[in-house]
Amino acid sequence: MQTGILGSASAMQAWQQFAGENTSYTPVQDSRDAKNFDLFIDLNFDTNPERISHYAGNIRTVFLLNTVCCTAESAMVAAGLKWSGETIFGINAVPTFLQRSLLEISNPFGLDTKGAESIAHSLGYAACEWVQSRVGMVTPRIVCMIINEAFYTLQEGTAGAGDIDAAMRLGTNYPMGPFEWCDKMGLDYVYTILDAVYTDTREERYKICPALKQAWVRSQISG
């Protein structure tokens with residue numbers, strides 16, 4: 001199976017950390033090259049949903065698209081397209097989640113899942129966790145909400161970042177504290193995911209904490 005992967009430098013680095021030398025794939029620079037592959041993985045699709053126009057009509061290729069901040073269906077609607085049999089699955093390709101042994105995956109068009117599970121296994125995943133096709137999926141939505149609450153705690157002066165991280169690791173047995181997780185994921189990812197989920201749901205628990213927003217703005221200015 002010829003596999004092409006499209007992604008930013010940080011996304012490709014996260015993929016390479018997971019795949020190592022056991023997976024054969026070809027890095028590409030243009031989504032229009034998808035037609036040349038049996039399997040095409042777009043690690044940054046959710047921030048570039050216009051790429052759906054390059055995937056529509058291609059029923060030869062199996063697509064695994066990062067759909068944390070948008071869904072494949074909404075991208076098609078925005079582009080004025082209709083599903084015409086393309087084999088498209090959504091995946092959680094956010095750094096720290098991409099490298100797990102479990103692939104979080106959605107099935108927006110109700111396709112047979114056996115083929116996707118076989119592909120996931122060939123890529124090195126032990127199993128698939130099938131979730132609804134919705135903005136934020138499951139794990140990113142929960143973890144980013146926890147990070148947002150941690151910033152509220154920091155903003156209120158209740159505890160410092162180190163103490164909050166330690167409390168979460170020791171009290172809930174999380175592998176990382178919220179600020180550690182934020183650093184591993186990247187503040188830009190956290191901000192973008194929260195913004196997308198809040199826009200989609202309008203639930204206050206996803207409204208970005210001012211302290212988090214300030215940290216994000218500073219990161220954008222400092223480059």
# chains A, B, ... in the order shown; residues from 1 in each chain; ligands from 1
$ residues_around --residues "Leu98 in chain A" --least-positions-apart "5" --cutoff "8 Å" --atoms "only C-alpha atoms" --output "list of chain:residue names"
A:Ala14, A:Trp15, A:Phe18, A:Asn92, A:Ala93, A:Leu103
$ write_last_selection --atoms "N, CA and C atoms" --output "PDB file, in the first residue's frame"
ATOM      1  N   ALA A  14       5.658  14.733  15.024  1.00  0.00           N
ATOM      2  CA  ALA A  14       4.870  13.884  15.909  1.00  0.00           C
ATOM      3  C   ALA A  14       4.603  12.532  15.257  1.00  0.00           C
ATOM      4  N   TRP A  15       4.302  12.537  13.961  1.00  0.00           N
ATOM      5  CA  TRP A  15       4.064  11.273  13.261  1.00  0.00           C
ATOM      6  C   TRP A  15       5.319  10.417  13.237  1.00  0.00           C
ATOM      7  N   PHE A  18       6.020   8.541  16.327  1.00  0.00           N
ATOM      8  CA  PHE A  18       5.173   7.359  16.499  1.00  0.00           C
ATOM      9  C   PHE A  18       5.585   6.237  15.534  1.00  0.00           C
ATOM     10  N   ASN A  92      -7.921  11.582  15.204  1.00  0.00           N
ATOM     11  CA  ASN A  92      -7.346  12.531  16.150  1.00  0.00           C
ATOM     12  C   ASN A  92      -5.831  12.495  15.948  1.00  0.00           C
ATOM     13  N   ALA A  93      -5.307  13.503  15.233  1.00  0.00           N
ATOM     14  CA  ALA A  93      -3.878  13.531  14.923  1.00  0.00           C
ATOM     15  C   ALA A  93      -3.153  14.640  15.688  1.00  0.00           C
ATOM     16  N   LEU A 103      -5.888   4.430  18.248  1.00  0.00           N
ATOM     17  CA  LEU A 103      -6.221   5.478  17.283  1.00  0.00           C
ATOM     18  C   LEU A 103      -7.667   5.910  17.469  1.00  0.00           C
TER      19      LEU A 103
END
$ residues_around --residues "range 80-86 of chain A" --least-positions-apart "5" --cutoff "8 Å" --atoms "only C-alpha atoms" --output "list of chain:residue names"
A:Ser53, A:Tyr55, A:Ala56, A:Gly57, A:Asn58, A:Ile59, A:Arg60, A:Thr61, A:Val62, A:Phe109
$ write_last_selection --atoms "N, CA and C atoms" --output "PDB file, in the first residue's frame"
ATOM      1  N   SER A  53     -11.766  19.758  -1.351  1.00  0.00           N
ATOM      2  CA  SER A  53     -12.050  19.854  -2.790  1.00  0.00           C
ATOM      3  C   SER A  53     -11.057  19.037  -3.609  1.00  0.00           C
ATOM      4  N   TYR A  55      -9.889  16.141  -2.466  1.00  0.00           N
ATOM      5  CA  TYR A  55     -10.150  14.745  -2.120  1.00  0.00           C
ATOM      6  C   TYR A  55     -11.490  14.259  -2.679  1.00  0.00           C
ATOM      7  N   ALA A  56     -12.406  15.196  -2.897  1.00  0.00           N
ATOM      8  CA  ALA A  56     -13.734  14.830  -3.403  1.00  0.00           C
ATOM      9  C   ALA A  56     -13.623  14.189  -4.783  1.00  0.00           C
ATOM     10  N   GLY A  57     -14.402  13.141  -4.985  1.00  0.00           N
ATOM     11  CA  GLY A  57     -14.402  12.443  -6.268  1.00  0.00           C
ATOM     12  C   GLY A  57     -13.343  11.368  -6.384  1.00  0.00           C
ATOM     13  N   ASN A  58     -12.439  11.292  -5.416  1.00  0.00           N
ATOM     14  CA  ASN A  58     -11.389  10.272  -5.434  1.00  0.00           C
ATOM     15  C   ASN A  58     -11.864   9.069  -4.622  1.00  0.00           C
ATOM     16  N   ILE A  59     -12.342   8.063  -5.313  1.00  0.00           N
ATOM     17  CA  ILE A  59     -12.834   6.869  -4.621  1.00  0.00           C
ATOM     18  C   ILE A  59     -11.793   5.750  -4.627  1.00  0.00           C
ATOM     19  N   ARG A  60     -10.616   6.031  -5.140  1.00  0.00           N
ATOM     20  CA  ARG A  60      -9.532   5.045  -5.155  1.00  0.00           C
ATOM     21  C   ARG A  60      -8.753   5.061  -3.849  1.00  0.00           C
ATOM     22  N   THR A  61      -8.599   6.235  -3.264  1.00  0.00           N
ATOM     23  CA  THR A  61      -7.736   6.434  -2.104  1.00  0.00           C
ATOM     24  C   THR A  61      -8.528   6.355  -0.805  1.00  0.00           C
ATOM     25  N   VAL A  62      -7.925   5.765   0.209  1.00  0.00           N
ATOM     26  CA  VAL A  62      -8.491   5.800   1.560  1.00  0.00           C
ATOM     27  C   VAL A  62      -7.889   7.010   2.268  1.00  0.00           C
ATOM     28  N   PHE A 109     -19.238   8.908   7.249  1.00  0.00           N
ATOM     29  CA  PHE A 109     -20.116   8.514   6.158  1.00  0.00           C
ATOM     30  C   PHE A 109     -20.616   7.076   6.267  1.00  0.00           C
TER      31      PHE A 109
END
$ residues_around --residues "Val135 in chain A" --least-positions-apart "6" --cutoff "6 Å" --atoms "only C-alpha atoms" --output "list of chain:residue names"
A:Val68, A:Cys69, A:Cys70, A:Val197
$ write_last_selection --atoms "C-alpha atoms" --output "compact mmCIF listing (two decimals), in the first residue's frame"
# COMPACT_ATOMS: atom_id res chain seq x y z
CA VAL A 68 -10.44 17.56 15.57
CA CYS A 69 -11.30 21.20 14.80
CA CYS A 70 -13.77 20.49 12.01
CA VAL A 197 -15.42 23.51 20.26
$ residues_around --residues "Met1 in chain A" --least-positions-apart "2" --cutoff "9 Å" --atoms "only C-alpha atoms" --output "number ranges by chain"
A: 3, 24, 37-39
$ write_last_selection --atoms "N, CA and C atoms" --output "mmCIF file, in the first residue's frame"
data_model
loop_
_atom_site.group_PDB
_atom_site.id
_atom_site.type_symbol
_atom_site.label_atom_id
_atom_site.label_comp_id
_atom_site.auth_asym_id
_atom_site.auth_seq_id
_atom_site.Cartn_x
_atom_site.Cartn_y
_atom_site.Cartn_z
ATOM 1 N N THR A 3 1.522 4.922 0.771
ATOM 2 C CA THR A 3 0.972 5.843 1.754
ATOM 3 C C THR A 3 1.616 7.214 1.632
ATOM 4 N N SER A 24 6.301 2.508 6.210
ATOM 5 C CA SER A 24 6.761 3.105 4.966
ATOM 6 C C SER A 24 5.739 4.128 4.482
ATOM 7 N N PHE A 37 -1.831 7.949 -4.275
ATOM 8 C CA PHE A 37 -1.619 7.021 -3.167
ATOM 9 C C PHE A 37 -2.855 6.165 -2.890
ATOM 10 N N ASP A 38 -2.601 4.995 -2.315
ATOM 11 C CA ASP A 38 -3.691 4.135 -1.865
ATOM 12 C C ASP A 38 -4.262 4.635 -0.542
ATOM 13 N N LEU A 39 -3.366 5.153 0.304
ATOM 14 C CA LEU A 39 -3.747 5.707 1.602
ATOM 15 C C LEU A 39 -3.150 7.097 1.715
#
$ closest_residue --among "A:Pro95, A:Val77, A:Ile146, A:His121" --to "Tyr174 in chain A" --atoms "only C-alpha atoms"
A:Ile146
$ select_by_dssp --residues "range 5-143 of chain A" --states "helix (DSSP H, G or I)" --output "PyMOL selection string"
chain A and resi 9-19+31-36+45-47+49-55+72-78+114-123+139-143
$ write_last_selection --atoms "C-alpha atoms" --output "compact mmCIF listing (two decimals), in the first residue's frame"
# COMPACT_ATOMS: atom_id res chain seq x y z
CA ALA A 9 6.69 20.34 10.37
CA SER A 10 5.43 19.82 13.95
CA ALA A 11 2.74 17.37 12.83
CA MET A 12 5.22 15.38 10.76
CA GLN A 13 7.62 15.30 13.70
CA ALA A 14 4.87 13.88 15.91
CA TRP A 15 4.06 11.27 13.26
CA GLN A 16 7.71 10.27 12.87
CA GLN A 17 8.04 9.83 16.64
CA PHE A 18 5.17 7.36 16.50
CA ALA A 19 5.93 5.57 13.24
CA SER A 31 -3.00 17.80 -1.08
CA ARG A 32 -3.54 17.43 -4.82
CA ASP A 33 -0.98 14.61 -4.75
CA ALA A 34 -3.47 12.41 -2.85
CA LYS A 35 -4.56 10.77 -6.09
CA ASN A 36 -1.17 9.10 -6.34
CA PHE A 45 -6.84 18.86 7.55
CA ASP A 46 -8.90 20.47 10.31
CA THR A 47 -7.06 23.77 9.92
CA PRO A 49 -10.63 22.12 5.39
CA GLU A 50 -10.61 23.61 1.89
CA ARG A 51 -8.43 20.63 0.93
CA ILE A 52 -11.61 18.57 0.77
CA SER A 53 -12.05 19.85 -2.79
CA HIS A 54 -8.87 17.95 -3.74
CA TYR A 55 -10.15 14.75 -2.12
CA ALA A 72 -15.28 16.09 7.01
CA GLU A 73 -19.01 16.64 6.56
CA SER A 74 -18.86 20.32 7.48
CA ALA A 75 -15.88 20.80 5.17
CA MET A 76 -17.86 19.31 2.30
CA VAL A 77 -20.87 21.50 3.03
CA ALA A 78 -18.68 24.62 3.21
CA LYS A 114 -12.96 -3.42 9.03
CA GLY A 115 -10.73 -1.95 6.34
CA ALA A 116 -9.90 1.10 8.45
CA GLU A 117 -9.03 -1.10 11.43
CA SER A 118 -6.73 -3.18 9.26
CA ILE A 119 -5.00 -0.01 8.04
CA ALA A 120 -4.64 1.26 11.62
CA HIS A 121 -2.99 -2.00 12.64
CA SER A 122 -0.60 -1.79 9.67
CA LEU A 123 0.38 1.70 10.81
CA THR A 139 -9.97 13.05 24.10
CA PRO A 140 -8.89 16.48 22.77
CA ARG A 141 -12.14 18.02 23.97
CA ILE A 142 -11.73 16.64 27.51
CA VAL A 143 -8.01 17.35 27.86
$ residues_around --residues "Arg205 in chain A" --least-positions-apart "5" --cutoff "12 Å" --atoms "only C-alpha atoms" --output "JSON, numbers by chain"
{"A": [141, 142, 144, 145, 146, 147, 148, 149, 150, 152, 194, 195, 197, 198, 199]}
$ write_last_selection --atoms "N, CA and C atoms" --output "tab-separated table (two decimals), in the first residue's frame"
chain	number	residue	atom	x	y	z
A	141	ARG	N	-11.14	17.17	23.33
A	141	ARG	CA	-12.14	18.02	23.97
A	141	ARG	C	-12.00	17.98	25.49
A	142	ILE	N	-11.84	16.79	26.05
A	142	ILE	CA	-11.73	16.64	27.51
A	142	ILE	C	-10.43	17.24	28.02
A	144	CYS	N	-8.36	19.43	26.64
A	144	CYS	CA	-8.27	20.89	26.47
A	144	CYS	C	-9.17	21.61	27.46
A	145	MET	N	-10.31	21.03	27.80
A	145	MET	CA	-11.17	21.62	28.81
A	145	MET	C	-10.47	21.63	30.17
A	146	ILE	N	-9.77	20.54	30.49
A	146	ILE	CA	-9.02	20.47	31.75
A	146	ILE	C	-7.90	21.52	31.76
A	147	ILE	N	-7.21	21.66	30.64
A	147	ILE	CA	-6.15	22.68	30.54
A	147	ILE	C	-6.74	24.07	30.73
A	148	ASN	N	-7.90	24.32	30.13
A	148	ASN	CA	-8.57	25.62	30.27
A	148	ASN	C	-8.91	25.90	31.72
A	149	GLU	N	-9.43	24.89	32.43
A	149	GLU	CA	-9.76	25.05	33.86
A	149	GLU	C	-8.50	25.30	34.68
A	150	ALA	N	-7.39	24.67	34.29
A	150	ALA	CA	-6.14	24.89	35.00
A	150	ALA	C	-5.68	26.33	34.87
A	152	TYR	N	-7.70	28.86	34.52
A	152	TYR	CA	-8.57	29.64	35.40
A	152	TYR	C	-8.06	29.57	36.84
A	194	LEU	N	-10.05	24.59	21.56
A	194	LEU	CA	-11.05	25.20	22.44
A	194	LEU	C	-11.92	26.19	21.67
A	195	ASP	N	-11.30	26.99	20.82
A	195	ASP	CA	-12.05	27.97	20.03
A	195	ASP	C	-13.04	27.27	19.11
A	197	VAL	N	-14.36	24.18	19.49
A	197	VAL	CA	-15.42	23.51	20.26
A	197	VAL	C	-16.41	24.54	20.82
A	198	TYR	N	-15.89	25.67	21.31
A	198	TYR	CA	-16.79	26.69	21.83
A	198	TYR	C	-17.68	27.26	20.72
A	199	THR	N	-17.09	27.50	19.56
A	199	THR	CA	-17.87	28.00	18.42
A	199	THR	C	-18.96	27.00	18.04
$ atom_distance --atom1 "CA of Leu212 in chain A" --atom2 "CA of Asp188 in chain A"
10.3 Å
$ residues_around --residues "Ile5 in chain A" --least-positions-apart "6" --cutoff "8 Å" --atoms "only C-alpha atoms" --output "PyMOL selection string"
chain A and resi 25-28+40-43
$ write_last_selection --atoms "C-alpha atoms" --output "PDB file, in the first residue's frame"
ATOM      1  CA  TYR A  25       5.290   6.412   3.816  1.00  0.00           C
ATOM      2  CA  THR A  26       6.000   9.336   1.516  1.00  0.00           C
ATOM      3  CA  PRO A  27       5.869  12.915   2.845  1.00  0.00           C
ATOM      4  CA  VAL A  28       4.098  15.231   0.392  1.00  0.00           C
ATOM      5  CA  PHE A  40      -3.489   9.422   2.279  1.00  0.00           C
ATOM      6  CA  ILE A  41      -3.096  10.882   5.765  1.00  0.00           C
ATOM      7  CA  ASP A  42      -3.690  14.613   6.216  1.00  0.00           C
ATOM      8  CA  LEU A  43      -2.399  15.598   9.645  1.00  0.00           C
TER       9      LEU A  43
END
$ closest_residue --among "A:Thr172, A:Thr67, A:Gln99, A:Thr158" --to "Val131 in chain A" --atoms "only C-alpha atoms"
A:Thr67
$ closest_residue --among "A:Leu6, A:Val217, A:Met137, A:Leu154" --to "Leu187 in chain A" --atoms "only C-alpha atoms"
A:Val217
$ select_by_dssp --residues "range 79-179 of chain A" --states "strand (DSSP E or B)" --output "MDAnalysis selection string"
chainID A and resid 87:91 102:106 127:131
